[in-house]
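Undergrad: Dropping in entry_12.cif, which is mmCIF, C-alpha atoms and all ligand atoms:
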```
data_final
loop_
_atom_site.label_atom_id
_atom_site.label_comp_id
_atom_site.auth_asym_id
_atom_site.auth_seq_id
_atom_site.Cartn_x
_atom_site.Cartn_y
_atom_site.Cartn_z
CA MET A 1 82.06 63.54 43.61
CA ILE A 2 82.98 64.50 40.08
CA ASN A 3 85.37 67.43 39.71
CA LEU A 4 83.83 69.99 37.34
CA ASN A 5 87.28 70.61 35.80
CA SER A 6 87.16 67.09 34.41
CA LEU A 7 83.97 68.14 32.60
CA GLY A 8 85.68 71.16 31.05
CA TRP A 9 85.05 73.78 33.73
CA ASN A 10 87.68 76.53 33.73
CA GLU A 11 88.38 80.17 34.58
CA PHE A 12 86.27 81.41 31.70
CA PHE A 13 83.09 79.86 33.11
CA ASN A 14 84.09 80.50 36.70
CA ASN A 15 84.21 84.23 35.99
CA SER A 16 80.61 84.21 34.73
CA PHE A 17 79.44 82.13 37.67
CA LYS A 18 80.92 84.57 40.22
CA ASN A 19 77.69 86.60 40.05
CA PHE A 20 75.66 83.69 41.43
CA ASP A 21 75.16 82.65 45.04
CA SER A 22 76.97 79.33 45.07
CA SER A 23 75.12 78.11 48.16
CA THR A 24 71.90 78.09 46.10
CA TYR A 25 73.11 77.57 42.56
CA LYS A 26 75.36 74.89 41.12
CA CYS A 27 76.67 74.29 37.62
CA GLY A 28 76.32 71.29 35.39
CA ARG A 29 77.18 70.51 31.81
CA ILE A 30 74.52 69.51 29.28
CA SER A 31 75.33 66.02 27.98
CA ALA A 32 72.19 65.41 25.92
CA GLU A 33 69.14 67.27 24.73
CA ASN A 34 65.72 65.62 24.51
CA LYS A 35 62.44 67.03 23.29
CA THR A 36 61.33 68.20 26.71
CA ASN A 37 64.30 67.73 29.01
CA TYR A 38 68.06 67.35 29.22
CA LEU A 39 70.77 65.22 30.72
CA VAL A 40 73.10 67.23 32.90
CA LEU A 41 76.50 66.14 34.22
CA THR A 42 76.90 67.47 37.74
CA GLU A 43 79.29 67.00 40.64
CA SER A 44 77.03 64.20 41.84
CA GLY A 45 76.56 62.44 38.52
CA GLU A 46 74.38 62.60 35.42
CA ILE A 47 70.81 63.64 36.11
CA THR A 48 67.69 64.86 34.34
CA GLY A 49 67.37 68.61 33.88
CA GLU A 50 64.35 70.75 33.08
CA VAL A 51 64.41 74.43 32.19
CA SER A 52 62.54 76.70 34.59
CA GLY A 53 59.32 78.35 33.42
CA LYS A 54 60.97 81.75 33.67
CA TYR A 55 63.93 80.69 31.53
CA LEU A 56 61.64 79.17 28.91
CA PHE A 57 59.43 82.26 28.89
CA GLU A 58 62.36 84.62 28.54
CA SER A 59 64.03 82.66 25.75
CA GLU A 60 63.31 84.52 22.56
CA ARG A 61 65.27 82.27 20.28
CA GLN A 62 65.89 78.57 20.11
CA SER A 63 69.60 79.29 20.50
CA ASP A 64 68.97 80.86 23.94
CA LEU A 65 68.05 77.41 25.29
CA PRO A 66 70.63 74.84 26.44
CA LYS A 67 72.58 72.82 23.87
CA VAL A 68 75.00 69.96 24.32
CA GLY A 69 78.20 71.30 25.87
CA ASP A 70 76.55 74.26 27.58
CA TRP A 71 77.23 75.05 31.21
CA ALA A 72 73.89 75.35 32.98
CA VAL A 73 73.16 77.19 36.21
CA ILE A 74 71.00 74.76 38.18
CA THR A 75 69.27 74.12 41.46
CA LEU A 76 69.02 70.53 42.65
CA PHE A 77 65.92 68.68 43.82
CA ASN A 78 64.86 65.15 44.78
CA ASN A 79 68.10 64.19 46.50
CA ASN A 80 70.19 65.69 43.70
CA GLU A 81 68.38 63.62 41.06
CA LEU A 82 66.64 66.47 39.29
CA ALA A 83 68.12 69.76 38.10
CA VAL A 84 66.11 72.85 37.35
CA ILE A 85 68.01 74.86 34.76
CA HIS A 86 67.79 78.63 35.29
CA GLN A 87 70.09 79.81 32.56
CA ILE A 88 73.25 78.96 30.67
CA LEU A 89 76.58 80.65 31.12
CA PRO A 90 77.92 82.64 28.15
CA ARG A 91 79.33 80.29 25.53
CA ARG A 92 83.06 80.41 24.89
CA THR A 93 82.54 78.87 21.46
CA LYS A 94 79.53 77.57 19.57
CA ILE A 95 79.16 75.43 16.50
CA SER A 96 76.13 76.65 14.66
CA ARG A 97 74.63 76.75 11.26
CA LYS A 98 72.12 78.95 9.58
CA SER A 99 68.67 77.53 9.77
CA GLY A 100 66.41 77.05 6.77
CA ASP A 101 63.56 78.29 8.95
CA ARG A 102 63.49 82.12 8.83
CA LYS A 103 62.04 82.32 12.34
CA ILE A 104 65.11 80.60 13.74
CA ASP A 105 68.19 82.66 12.96
CA GLU A 106 70.75 80.03 13.84
CA GLN A 107 70.84 76.47 15.04
CA VAL A 108 73.42 75.85 17.72
CA ILE A 109 74.71 72.31 17.42
CA ALA A 110 77.19 72.24 20.28
CA ALA A 111 78.62 74.73 22.75
CA ASN A 112 81.98 75.26 24.42
CA VAL A 113 83.94 73.03 22.08
CA ASP A 114 87.72 73.55 21.99
CA LEU A 115 88.64 71.37 19.06
CA VAL A 116 86.63 69.93 16.19
CA PHE A 117 87.55 66.75 14.38
CA ILE A 118 86.16 67.18 10.88
CA VAL A 119 85.80 63.59 9.74
CA GLN A 120 85.71 62.43 6.14
CA SER A 121 86.36 58.92 4.95
CA LEU A 122 88.93 58.00 2.35
CA ASP A 123 86.44 56.31 0.04
CA ASN A 124 84.02 58.19 -2.19
CA ASN A 125 83.01 60.40 0.76
CA PHE A 126 86.28 62.30 0.36
CA ASN A 127 85.37 65.69 -1.08
CA LEU A 128 87.43 68.87 -0.83
CA ASN A 129 84.49 71.20 -1.45
CA ARG A 130 82.51 69.67 1.38
CA LEU A 131 85.58 69.82 3.58
CA GLU A 132 85.89 73.54 2.92
CA ARG A 133 82.26 74.06 3.95
CA TYR A 134 82.87 72.23 7.24
CA LEU A 135 86.02 74.27 7.80
CA ALA A 136 84.08 77.49 7.32
CA VAL A 137 81.57 76.40 9.98
CA VAL A 138 84.35 75.47 12.41
CA ASN A 139 86.30 78.64 11.79
CA GLN A 140 83.15 80.63 12.66
CA SER A 141 82.69 78.67 15.88
CA GLY A 142 85.77 79.81 17.76
CA ALA A 143 87.00 76.22 18.04
CA GLU A 144 90.08 74.87 16.30
CA PRO A 145 89.72 72.43 13.38
CA VAL A 146 91.58 69.17 12.80
CA VAL A 147 90.87 67.20 9.63
CA VAL A 148 90.53 63.46 10.22
CA LEU A 149 90.57 61.24 7.15
CA ASN A 150 89.17 57.91 8.29
CA LYS A 151 89.07 54.48 6.61
CA SER A 152 92.70 54.71 5.48
CA ASP A 153 92.47 50.91 5.11
CA LEU A 154 90.31 51.50 2.03
CA CYS A 155 92.75 53.84 0.33
CA ASP A 156 96.27 53.46 -1.06
CA ASP A 157 97.04 57.13 -1.61
CA ALA A 158 96.24 58.56 1.84
CA ASP A 159 99.40 60.69 1.82
CA LYS A 160 98.37 62.29 -1.45
CA LYS A 161 94.93 63.05 -0.03
CA ILE A 162 96.50 64.58 3.08
CA GLU A 163 98.62 66.85 0.88
CA SER A 164 95.63 67.89 -1.21
CA VAL A 165 93.73 68.88 1.94
CA LYS A 166 96.69 70.85 3.29
CA GLU A 167 97.10 72.64 0.01
CA ARG A 168 93.46 73.44 -0.67
CA ALA A 169 92.27 74.22 2.86
CA ARG A 170 95.52 75.73 4.10
CA ILE A 171 95.34 73.71 7.29
CA ASP A 172 98.30 71.79 8.68
CA LYS A 173 96.44 69.57 11.15
CA VAL A 174 95.41 66.71 8.91
CA VAL A 175 95.65 63.04 9.90
CA ALA A 176 94.75 59.75 8.22
CA VAL A 177 93.43 57.00 10.46
CA SER A 178 91.51 53.76 10.39
CA ALA A 179 89.05 53.20 13.20
CA VAL A 180 88.52 49.60 12.11
CA ALA A 181 92.20 48.66 11.61
CA ASN A 182 93.04 50.78 14.68
CA THR A 183 95.80 52.70 12.91
CA GLY A 184 96.59 56.34 13.60
CA ILE A 185 94.38 56.48 16.69
CA GLU A 186 97.42 57.71 18.66
CA LEU A 187 97.56 60.71 16.28
CA LEU A 188 94.08 61.66 17.50
CA ASN A 189 95.07 61.07 21.12
CA ASN A 190 97.83 63.65 20.67
CA PHE A 191 95.16 66.31 20.23
CA ILE A 192 93.09 65.21 23.23
CA LYS A 193 93.94 66.96 26.49
CA PRO A 194 92.35 66.72 29.96
CA GLY A 195 89.50 69.19 30.38
CA LYS A 196 89.37 69.97 26.66
CA THR A 197 86.23 69.35 24.64
CA ILE A 198 86.41 67.80 21.20
CA ALA A 199 83.46 67.56 18.82
CA PHE A 200 83.20 65.19 15.88
CA VAL A 201 81.48 66.46 12.75
CA GLY A 202 81.07 64.87 9.34
CA SER A 203 78.58 63.06 7.16
CA SER A 204 76.75 60.04 8.40
CA GLY A 205 78.74 56.84 7.79
CA VAL A 206 82.24 58.33 7.85
CA GLY A 207 83.01 56.52 11.11
CA LYS A 208 82.54 59.09 13.87
CA SER A 209 80.97 56.62 16.31
CA THR A 210 83.55 53.94 15.47
CA LEU A 211 86.36 56.45 16.09
CA ILE A 212 84.88 57.49 19.43
CA ASN A 213 84.58 53.85 20.43
CA ALA A 214 88.21 53.27 19.35
CA LEU A 215 89.30 56.19 21.53
CA LEU A 216 87.30 54.86 24.46
CA GLY A 217 88.55 51.34 23.88
CA TYR A 218 85.07 49.86 24.05
CA ASP A 219 81.67 50.21 22.39
CA ARG A 220 80.29 52.97 24.54
CA LEU A 221 78.21 54.80 21.99
CA THR A 222 75.99 51.88 21.24
CA LYS A 223 75.59 51.37 24.97
CA SER A 224 74.99 54.96 25.94
CA GLU A 225 71.24 54.77 26.07
CA VAL A 226 70.20 55.82 29.52
CA ARG A 227 66.77 54.96 30.79
CA LYS A 228 65.45 57.58 33.15
CA GLN A 229 62.10 58.35 34.67
CA ASP A 230 60.97 61.85 33.83
CA SER A 231 58.93 64.07 36.15
CA ARG A 232 55.67 62.54 34.90
CA GLY A 233 56.86 59.06 35.71
CA ARG A 234 57.40 58.08 32.08
CA HIS A 235 60.51 56.27 31.02
CA THR A 236 62.50 58.18 28.46
CA THR A 237 65.50 56.94 26.55
CA THR A 238 68.31 59.34 25.92
CA ARG A 239 71.31 59.07 23.70
CA ARG A 240 74.18 60.67 25.51
CA GLU A 241 76.24 62.87 23.22
CA LEU A 242 78.97 63.99 25.57
CA VAL A 243 81.31 61.26 26.78
CA LEU A 244 84.33 61.41 29.06
CA LEU A 245 87.52 59.66 28.08
CA PRO A 246 89.60 57.94 30.78
CA SER A 247 92.50 60.15 29.60
CA GLY A 248 90.53 63.25 30.62
CA GLY A 249 89.27 64.49 27.25
CA ILE A 250 85.61 65.27 26.69
CA LEU A 251 84.07 64.12 23.43
CA ILE A 252 80.90 65.38 21.80
CA ALA A 253 79.35 63.25 19.08
CA ILE A 254 77.25 65.59 17.04
CA ARG A 255 73.82 64.20 16.44
CA PRO A 256 73.22 63.51 12.76
CA VAL A 257 70.31 65.59 11.47
N1 LIG B 301 86.77 50.04 6.28
C1 LIG B 301 86.50 50.83 7.32
N2 LIG B 301 85.23 50.95 7.75
C2 LIG B 301 84.99 51.77 8.81
C3 LIG B 301 86.03 52.48 9.47
N3 LIG B 301 85.47 53.21 10.46
C4 LIG B 301 84.15 52.95 10.43
N4 LIG B 301 83.85 52.08 9.43
C5 LIG B 301 82.52 51.54 9.09
O1 LIG B 301 81.73 52.59 8.55
C6 LIG B 301 80.37 52.43 8.94
C7 LIG B 301 79.85 53.71 9.59
O2 LIG B 301 80.53 53.93 10.79
P1 LIG B 301 79.89 54.83 11.97
O3 LIG B 301 80.91 54.90 13.06
O4 LIG B 301 78.56 54.35 12.34
O5 LIG B 301 79.76 56.24 11.23
P2 LIG B 301 79.08 57.59 11.75
O6 LIG B 301 77.76 57.67 11.10
O7 LIG B 301 79.98 58.69 11.29
O8 LIG B 301 79.02 57.53 13.26
C8 LIG B 301 80.33 51.22 9.87
O9 LIG B 301 79.92 50.10 9.12
C9 LIG B 301 81.77 51.08 10.33
O10 LIG B 301 82.12 49.76 10.65
C10 LIG B 301 87.38 52.30 8.99
O11 LIG B 301 88.35 52.88 9.48
N5 LIG B 301 87.54 51.49 7.90
MG MG B 302 77.35 57.63 14.49
#
```
Now, as a test, write the supplied structure out as structure tokens.
TA:
Amino acid sequence: MINLNSLGWNEFFNNSFKNFDSSTYKCGRISAENKTNYLVLTESGEITGEVSGKYLFESERQSDLPKVGDWAVITLFNNNELAVIHQILPRRTKISRKSGDRKIDEQVIAANVDLVFIVQSLDNNFNLNRLERYLAVVNQSGAEPVVVLNKSDLCDDADKKIESVKERARIDKVVAVSAVANTGIELLNNFIKPGKTIAFVGSSGVGKSTLINALLGYDRLTKSEVRKQDSRGRHTTTRRELVLLPSGGILIAIRPV
């Protein structure tokens, strides 16, 4: 049995769940979103989840449907191997951006994140204007930002860059690390606490996956493809986006779009 607290469950969600009959309904956390179904982490492991017809029908907006990090109210079927998702619990925080599509008011990227590592790399990706845009998104989300400057092995003035971030963005949590040289990883570990959810955002190529693998100590992300049989008997491949660290932290790798 997995303890839900290790997946980030806490008093906030427990209060919302009090209205449900816990002999019928359980809770699980969305660990990946596919086109037609989800992966859900439950007390009995990671299983496929499908939203109920009623939930789908009553969802007016895309953002009403489950996103990675959401707590879902589920009922279990097929020997606890399939979850029907009836609704999601109110989000404590949500990382979202305005959508280009006028019919979709916002695009929720991840839910219930406590801390966001905004990753830039210390090569030509380093850009204070872009950093400020990411900070604005994170500040809107309700989560706390930490700026992570990766690839310090490619840069000989990392300290200067740290100072320029602190000055411009008025943020004091700024660290320089190298995922490849494995330096500064302990600085990231200092921010990671049991039951707390940390999301990684940043441009493609800055080293988010490499950092997550460095924190895990092995190449999990490249091995996180899970083959499952969906309800129609087809095999579907899912890239898990929420991973649990042995130290108790919960990491969300935001899908590049
Ligand atoms: N020199 C250097 N290269 C890195 C570092 N971290 C990641 N990389 C490389 O940058 C590339 C992109 O990394 P990846 O983790 O896939 O980036 P993502 O798109 O943000 O997930 C890969 O070739 C990594 O090996 C680092 O600290 N230093
Ligand atoms: Mg990646």
Undergrad: For Gln120 of chain A, list every protein, DNA or RNA residue within 8 Å, evaluated using all atoms listed in the file, and leave out those in the same chain fewer than 6 positions away; present the list as a short mmCIF file (atom, residue, chain, number, x, y, z; two decimals) with C-alpha atoms, keeping the file's coordinate frame.
TA:
```cif
data_model
loop_
_atom_site.label_atom_id
_atom_site.label_comp_id
_atom_site.auth_asym_id
_atom_site.auth_seq_id
_atom_site.Cartn_x
_atom_site.Cartn_y
_atom_site.Cartn_z
CA PHE A 126 86.28 62.30 0.36
CA ASN A 127 85.37 65.69 -1.08
CA LEU A 131 85.58 69.82 3.58
CA VAL A 147 90.87 67.20 9.63
CA VAL A 148 90.53 63.46 10.22
CA LEU A 149 90.57 61.24 7.15
CA ASN A 150 89.17 57.91 8.29
CA GLY A 202 81.07 64.87 9.34
CA SER A 203 78.58 63.06 7.16
CA VAL A 206 82.24 58.33 7.85
#
```
Undergrad: May I have a table of the residues of chain A lying at most 7 Å from ligand MG 302 (chain B), giving each one's closest pair of atoms and their distance in Å to one decimal, counting all atoms listed in the file, ordered by chain and ascending residue number, as a tab-separated table?
TA:
```
residue	atom	partner	partner_atom	distance
A:Ser204	CA	B:MG302	MG	6.6
A:Gly205	CA	B:MG302	MG	6.9
A:Gly207	CA	B:MG302	MG	6.7
A:Lys208	CA	B:MG302	MG	5.4
A:Ser209	CA	B:MG302	MG	4.2
```
Undergrad: Pick out the residues no farther than 10 Å from ligand LIG 301 (chain B), counting only C-alpha atoms and all ligand atoms, and list them as a PyMOL selection string.
TA: chain A and resi 119-123+149-155+176-184+200-214+221-222+253-256
Undergrad: From the options A:Ser59, A:Ser96, A:Gln140, A:Ser247, which residue's atoms come nearest to Asn190 of chain A, counting only C-alpha atoms?
TA: A:Ser247
Undergrad: Each residue of segment 106-204 of chain A lying at most 9 Å from segment 62-71 of chain A should get a row with its shortest atom-to-atom pair and the distance in Å to one decimal, counting all atoms listed in the file; could you produce that, ordered by chain and increasing number, as a tab-separated table?
TA:
```
residue	atom	partner	partner_atom	distance
A:Glu106	CA	A:Ser63	CA	6.8
A:Gln107	CA	A:Ser63	CA	6.3
A:Val108	CA	A:Ser63	CA	5.8
A:Ile109	CA	A:Lys67	CA	6.8
A:Ala110	CA	A:Val68	CA	5.1
A:Ala111	CA	A:Gly69	CA	4.7
A:Asn112	CA	A:Gly69	CA	5.7
A:Val113	CA	A:Gly69	CA	7.1
A:Thr197	CA	A:Gly69	CA	8.4
```
Undergrad: Got a sec: who's within 12 Å of Lys166 of chain A, counting all atoms listed in the file, leaving out chain neighbours fewer than 4 positions off, as a list in words?
TA: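 My list of contacting residues is Leu128, Leu131, Glu132, Val146, Val147, Val148, Asp159, Lys160, Lys161, Ile162, Arg170, Ile171, Asp172, Lys173, Val174 and Val175 of chain A.
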Undergrad: To one decimal place, how far is atom CA of Glu163 of chain A from atom CA of Ala143 of chain A in Å?
TA: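 Answer for the atom CA of Glu163 of chain A to atom CA of Ala143 of chain A separation: 22.7 Å.
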Undergrad: Hey, can you check how far atom CA of Leu4 of chain A sits from atom CA of Asn37 of chain A?
TA: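 One can read the atom CA of Leu4 of chain A to atom CA of Asn37 of chain A distance as 21.4 Å.
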Undergrad: Rank A:Arg61, A:His86, A:Lys196, A:Lys35 by their smallest atom-to-atom distance to Asp114 of chain A, using all atoms listed in the file, and report the top residue only.
TA: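 Counting all atoms listed in the file, the residue closest to Asp114 of chain A is A:Lys196.
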Undergrad: Missing atoms in segment 21-34 of chain A should be modelled up to N, CA and C atoms and reported as a PDB file, keeping the file's coordinate frame.
TA:
```pdb
ATOM      1  N   ASP A  21      74.970  83.132  43.668  1.00  0.00           N
ATOM      2  CA  ASP A  21      75.160  82.650  45.040  1.00  0.00           C
ATOM      3  C   ASP A  21      75.387  81.142  44.984  1.00  0.00           C
ATOM      4  N   SER A  22      76.627  80.743  45.277  1.00  0.00           N
ATOM      5  CA  SER A  22      76.970  79.330  45.070  1.00  0.00           C
ATOM      6  C   SER A  22      76.411  78.419  46.162  1.00  0.00           C
ATOM      7  N   SER A  23      75.770  79.002  47.194  1.00  0.00           N
ATOM      8  CA  SER A  23      75.120  78.110  48.160  1.00  0.00           C
ATOM      9  C   SER A  23      73.747  77.673  47.629  1.00  0.00           C
ATOM     10  N   THR A  24      73.194  78.450  46.696  1.00  0.00           N
ATOM     11  CA  THR A  24      71.900  78.090  46.100  1.00  0.00           C
ATOM     12  C   THR A  24      72.089  77.426  44.743  1.00  0.00           C
ATOM     13  N   TYR A  25      72.957  78.023  43.955  1.00  0.00           N
ATOM     14  CA  TYR A  25      73.110  77.570  42.560  1.00  0.00           C
ATOM     15  C   TYR A  25      74.354  76.719  42.372  1.00  0.00           C
ATOM     16  N   LYS A  26      74.225  75.720  41.520  1.00  0.00           N
ATOM     17  CA  LYS A  26      75.360  74.890  41.120  1.00  0.00           C
ATOM     18  C   LYS A  26      75.484  74.964  39.603  1.00  0.00           C
ATOM     19  N   CYS A  27      76.540  74.358  39.081  1.00  0.00           N
ATOM     20  CA  CYS A  27      76.670  74.290  37.620  1.00  0.00           C
ATOM     21  C   CYS A  27      76.754  72.849  37.169  1.00  0.00           C
ATOM     22  N   GLY A  28      76.233  72.617  35.987  1.00  0.00           N
ATOM     23  CA  GLY A  28      76.320  71.290  35.390  1.00  0.00           C
ATOM     24  C   GLY A  28      76.452  71.445  33.900  1.00  0.00           C
ATOM     25  N   ARG A  29      76.964  70.401  33.242  1.00  0.00           N
ATOM     26  CA  ARG A  29      77.180  70.510  31.810  1.00  0.00           C
ATOM     27  C   ARG A  29      76.160  69.647  31.061  1.00  0.00           C
ATOM     28  N   ILE A  30      75.557  70.218  30.046  1.00  0.00           N
ATOM     29  CA  ILE A  30      74.520  69.510  29.280  1.00  0.00           C
ATOM     30  C   ILE A  30      75.189  68.391  28.464  1.00  0.00           C
ATOM     31  N   SER A  31      74.745  67.157  28.703  1.00  0.00           N
ATOM     32  CA  SER A  31      75.330  66.020  27.980  1.00  0.00           C
ATOM     33  C   SER A  31      74.390  65.449  26.925  1.00  0.00           C
ATOM     34  N   ALA A  32      73.128  65.820  26.974  1.00  0.00           N
ATOM     35  CA  ALA A  32      72.190  65.410  25.920  1.00  0.00           C
ATOM     36  C   ALA A  32      70.956  66.282  25.986  1.00  0.00           C
ATOM     37  N   GLU A  33      70.345  66.442  24.838  1.00  0.00           N
ATOM     38  CA  GLU A  33      69.140  67.270  24.730  1.00  0.00           C
ATOM     39  C   GLU A  33      68.013  66.387  24.220  1.00  0.00           C
ATOM     40  N   ASN A  34      66.923  66.334  24.970  1.00  0.00           N
ATOM     41  CA  ASN A  34      65.720  65.620  24.510  1.00  0.00           C
ATOM     42  C   ASN A  34      64.676  66.620  24.057  1.00  0.00           C
TER      43      ASN A  34
END
```
